[in-house]
Amino acid sequence: MDKGRKKKLTFITIGFIFLLSGVEYAVILPTIWKYLQTLDAPPYFLGLTLSAFSLSGLLSGPLFGHWSDRTRTTKKIILFSNLFEIAGNFMYFMGFSKWLLLSSRLVAGIGTGAGSSIFGFLTRSTLPEDRSTVFAAVMVCRQVGLLIGPAFNIFLRLCDFRLGPFVVNTYTAPGLFMCLLWILLQLAVVFMYWDLPPLERGKDTPKAPHSVSENEQETEEDEGKDNEEGKPLMHSQELVGSYTSVVASDSHRNRAAPISDPTLNHISPSPGPAESQESPSPFKNFSLSREFLREEVVVLLAAQFITLFNQTALETMVTPLTQKYFNYGELENSLMYCLCGVEVIAGFLFVRWLSRRVAERVILAVGLSICNISCVWCLIFVANPLGGFPWQLTEFIIGVFLQVLGLPFVAVAQISLFSKVTSEETQGFSQGVRRSVGGLATILGPLWAGGLTYNLYIMIGVMMALLVLLTVMLAFSYKRLVEPSQEEETESRVSC
């Protein structure tokens, strides 16, 4: 199979992974509140159960990312992580007690840790100028899952039968359904996913050392001998975009020369076992403080935390709020999430188009402005709805619309910028840290909202304060939210 077809099938499989993550969220969230009520769970258990999923993902993300950075593989990581999704959703289907339900989300959350490896893989496999477009496409896949998930729920709510010792009903059916989907995804990963070689920084297409002709190599070697201080650094493919290979660049180039045999052109450009053993570890000169305690990185991590904290807090609040004011059940909530999914997909598609014409920091600023407007609206009209039923419903719809509208702008911009201001060599681990920060937010958000469902002024007031803080941070650090030049990156790593 040719390389282009492998890349296409691999990206399609990644799309299916994020699609299922969205479907899982959409089929479980509308019914989990009443599912817990059937198991005599207290109200705070809703926040605990939602947070358990994020907690395990928070812990597993950096570990899976570190694993992928060291091995430069993601396929086996995805296959391994999906086993936890399968087991966790089957436990959710069993649902004998509230504690088993809590444990099921804890186990399933481990499977989300593979996302850090996937984002690291996408960063190394795409050009910087295309990254926002690719990330937006991946996020669209998840939002499509969020859109079609409620549609599945419309049919799953009709289930009412027994499967051996297990009861299949409105609340347990989503677990069984997702278990079967993740099993099918395992087969897709086995047959349709390949560990593609990374793109070389500064190149338009991935190009292996052996694709250079022997005459060109001899010319470069002669030039290197005549000017040992200048030419090797300029021509070394390993140094370009690398944060660790400074001393080893000459030895890498010498090892690559014999591979120029035309009969070996079909071999994948990824390094072989022998070469990978001699190559320095991407974490050899890595420093947590140097990598993450930089102004632009702190701002982007803060954006990740605050927007996800506010999003999950509002999502936790929505279901009890619609039940209290509008007497909504599973069907109405599913339809509401379906409409929100349409809006988010349209938003991501617009951001995907916009990212080719506007800088990511501009998109981030626009999204943050929308989030501020949304929070002010919710503080005024949602915390204490005014008027009769039609006015209350209108106020609620506008608040949800504004909240959902800002998400695509902030999500795409901060992920793309984060991939550019952090090392590509350790991108899996860095994405794991970013997702862990987001995971911490999705833990604290539901816990915060779950305990303040009837004190909305306090809940939304703190969310507003966090957004104001993020806005100030963005204003002061706006000039630094750009991709550093290759010279700046190299000087930064060598000086350390």
# chains A, B, ... in the order shown; residues from 1 in each chain; ligands from 1
>>> closest_atom_pairs(of="region 52-134 of chain A", to="region 25-34 of chain A", cutoff="12 Å", atoms="only C-alpha atoms", output="JSON lines")
{"residue": "A:Phe53", "atom": "CA", "partner": "A:Tyr25", "partner_atom": "CA", "distance": 10.5}
{"residue": "A:Ser54", "atom": "CA", "partner": "A:Tyr25", "partner_atom": "CA", "distance": 11.8}
{"residue": "A:Asn89", "atom": "CA", "partner": "A:Ile28", "partner_atom": "CA", "distance": 10.0}
{"residue": "A:Tyr92", "atom": "CA", "partner": "A:Ile28", "partner_atom": "CA", "distance": 9.6}
{"residue": "A:Phe93", "atom": "CA", "partner": "A:Ile28", "partner_atom": "CA", "distance": 10.8}
{"residue": "A:Gly95", "atom": "CA", "partner": "A:Ile32", "partner_atom": "CA", "distance": 11.0}
{"residue": "A:Lys98", "atom": "CA", "partner": "A:Ile32", "partner_atom": "CA", "distance": 10.7}
{"residue": "A:Leu101", "atom": "CA", "partner": "A:Ile32", "partner_atom": "CA", "distance": 9.3}
{"residue": "A:Leu102", "atom": "CA", "partner": "A:Ile32", "partner_atom": "CA", "distance": 10.7}
{"residue": "A:Ser104", "atom": "CA", "partner": "A:Ile28", "partner_atom": "CA", "distance": 12.0}
{"residue": "A:Arg105", "atom": "CA", "partner": "A:Ile28", "partner_atom": "CA", "distance": 10.3}
{"residue": "A:Ala108", "atom": "CA", "partner": "A:Tyr25", "partner_atom": "CA", "distance": 11.3}
{"residue": "A:Gly109", "atom": "CA", "partner": "A:Tyr25", "partner_atom": "CA", "distance": 11.2}
{"residue": "A:Thr112", "atom": "CA", "partner": "A:Tyr25", "partner_atom": "CA", "distance": 11.7}
>>> residues_around(residues="region 141-156 of chain A", least_positions_apart="5", cutoff="10 Å", atoms="only C-alpha atoms", output="MDAnalysis selection string")
chainID A and resid 12 14:31 135:136 168:174 177 330:346 348
>>> residues_around(residues="region 182-187 of chain A", least_positions_apart="6", cutoff="7 Å", atoms="only C-alpha atoms", output="ChimeraX atom specification")
/A:79,82,85-86
>>> write_last_selection(atoms="N, CA, C and O atoms", output="PDB file, in the first residue's frame")
ATOM      1  N   LEU A  79      -4.416   0.841  20.913  1.00  0.00           N
ATOM      2  CA  LEU A  79      -5.010  -0.479  21.137  1.00  0.00           C
ATOM      3  C   LEU A  79      -5.084  -0.797  22.629  1.00  0.00           C
ATOM      4  O   LEU A  79      -6.080  -1.350  23.112  1.00  0.00           O
ATOM      5  N   ASN A  82      -7.755   1.511  24.407  1.00  0.00           N
ATOM      6  CA  ASN A  82      -9.147   1.175  24.085  1.00  0.00           C
ATOM      7  C   ASN A  82      -9.681   0.022  24.934  1.00  0.00           C
ATOM      8  O   ASN A  82     -10.902  -0.104  25.120  1.00  0.00           O
ATOM      9  N   GLU A  85     -11.519   1.529  27.701  1.00  0.00           N
ATOM     10  CA  GLU A  85     -12.828   2.026  27.272  1.00  0.00           C
ATOM     11  C   GLU A  85     -13.844   0.889  27.209  1.00  0.00           C
ATOM     12  O   GLU A  85     -14.995   1.025  27.636  1.00  0.00           O
ATOM     13  N   ILE A  86     -13.424  -0.231  26.663  1.00  0.00           N
ATOM     14  CA  ILE A  86     -14.317  -1.388  26.544  1.00  0.00           C
ATOM     15  C   ILE A  86     -14.734  -1.887  27.922  1.00  0.00           C
ATOM     16  O   ILE A  86     -15.926  -2.107  28.197  1.00  0.00           O
TER      17      ILE A  86
END
>>> residues_around(residues="Val472 (chain A)", least_positions_apart="3", cutoff="12 Å", atoms="only C-alpha atoms", output="ChimeraX atom specification")
/A:299,302-303,365,368-369,465-469,475-478
>>> closest_atom_pairs(of="region 77-121 of chain A", to="region 433-438 of chain A", cutoff="10 Å", atoms="only C-alpha atoms", output="CSV")
residue,atom,partner,partner_atom,distance
A:Thr112,CA,A:Arg435,CA,9.6
A:Gly113,CA,A:Arg435,CA,8.3
A:Gly115,CA,A:Arg435,CA,8.2
A:Ser116,CA,A:Arg435,CA,6.8
A:Phe119,CA,A:Arg435,CA,10.0
>>> residues_around(residues="region 397-412 of chain A", least_positions_apart="6", cutoff="6 Å", atoms="only C-alpha atoms", output="VMD selection string")
chain A and resid 136 347 to 348 363 to 364 367 370 to 371 374 378
>>> residues_around(residues="Gly47 (chain A)", least_positions_apart="4", cutoff="9 Å", atoms="only C-alpha atoms", output="JSON, numbers by chain")
{"A": [43, 51, 52, 316, 443, 444, 445, 446, 447, 448, 449, 450, 451]}
>>> residues_around(residues="Phe11 (chain A)", least_positions_apart="6", cutoff="12 Å", atoms="only C-alpha atoms", output="PyMOL selection string")
chain A and resi 4-5+17-18+118-119+121-122+125-126+134-135+137-138+141+188-189+192-196
>>> closest_residue(among="A:Ile77, A:Leu158, A:Met459, A:Leu50", to="Asn310 (chain A)", atoms="only C-alpha atoms")
A:Met459
>>> atom_distance(atom1="CA of Leu106 (chain A)", atom2="CA of Lys324 (chain A)")
28.7 Å
>>> atom_distance(atom1="CA of Leu59 (chain A)", atom2="CA of Ile110 (chain A)")
7.8 Å
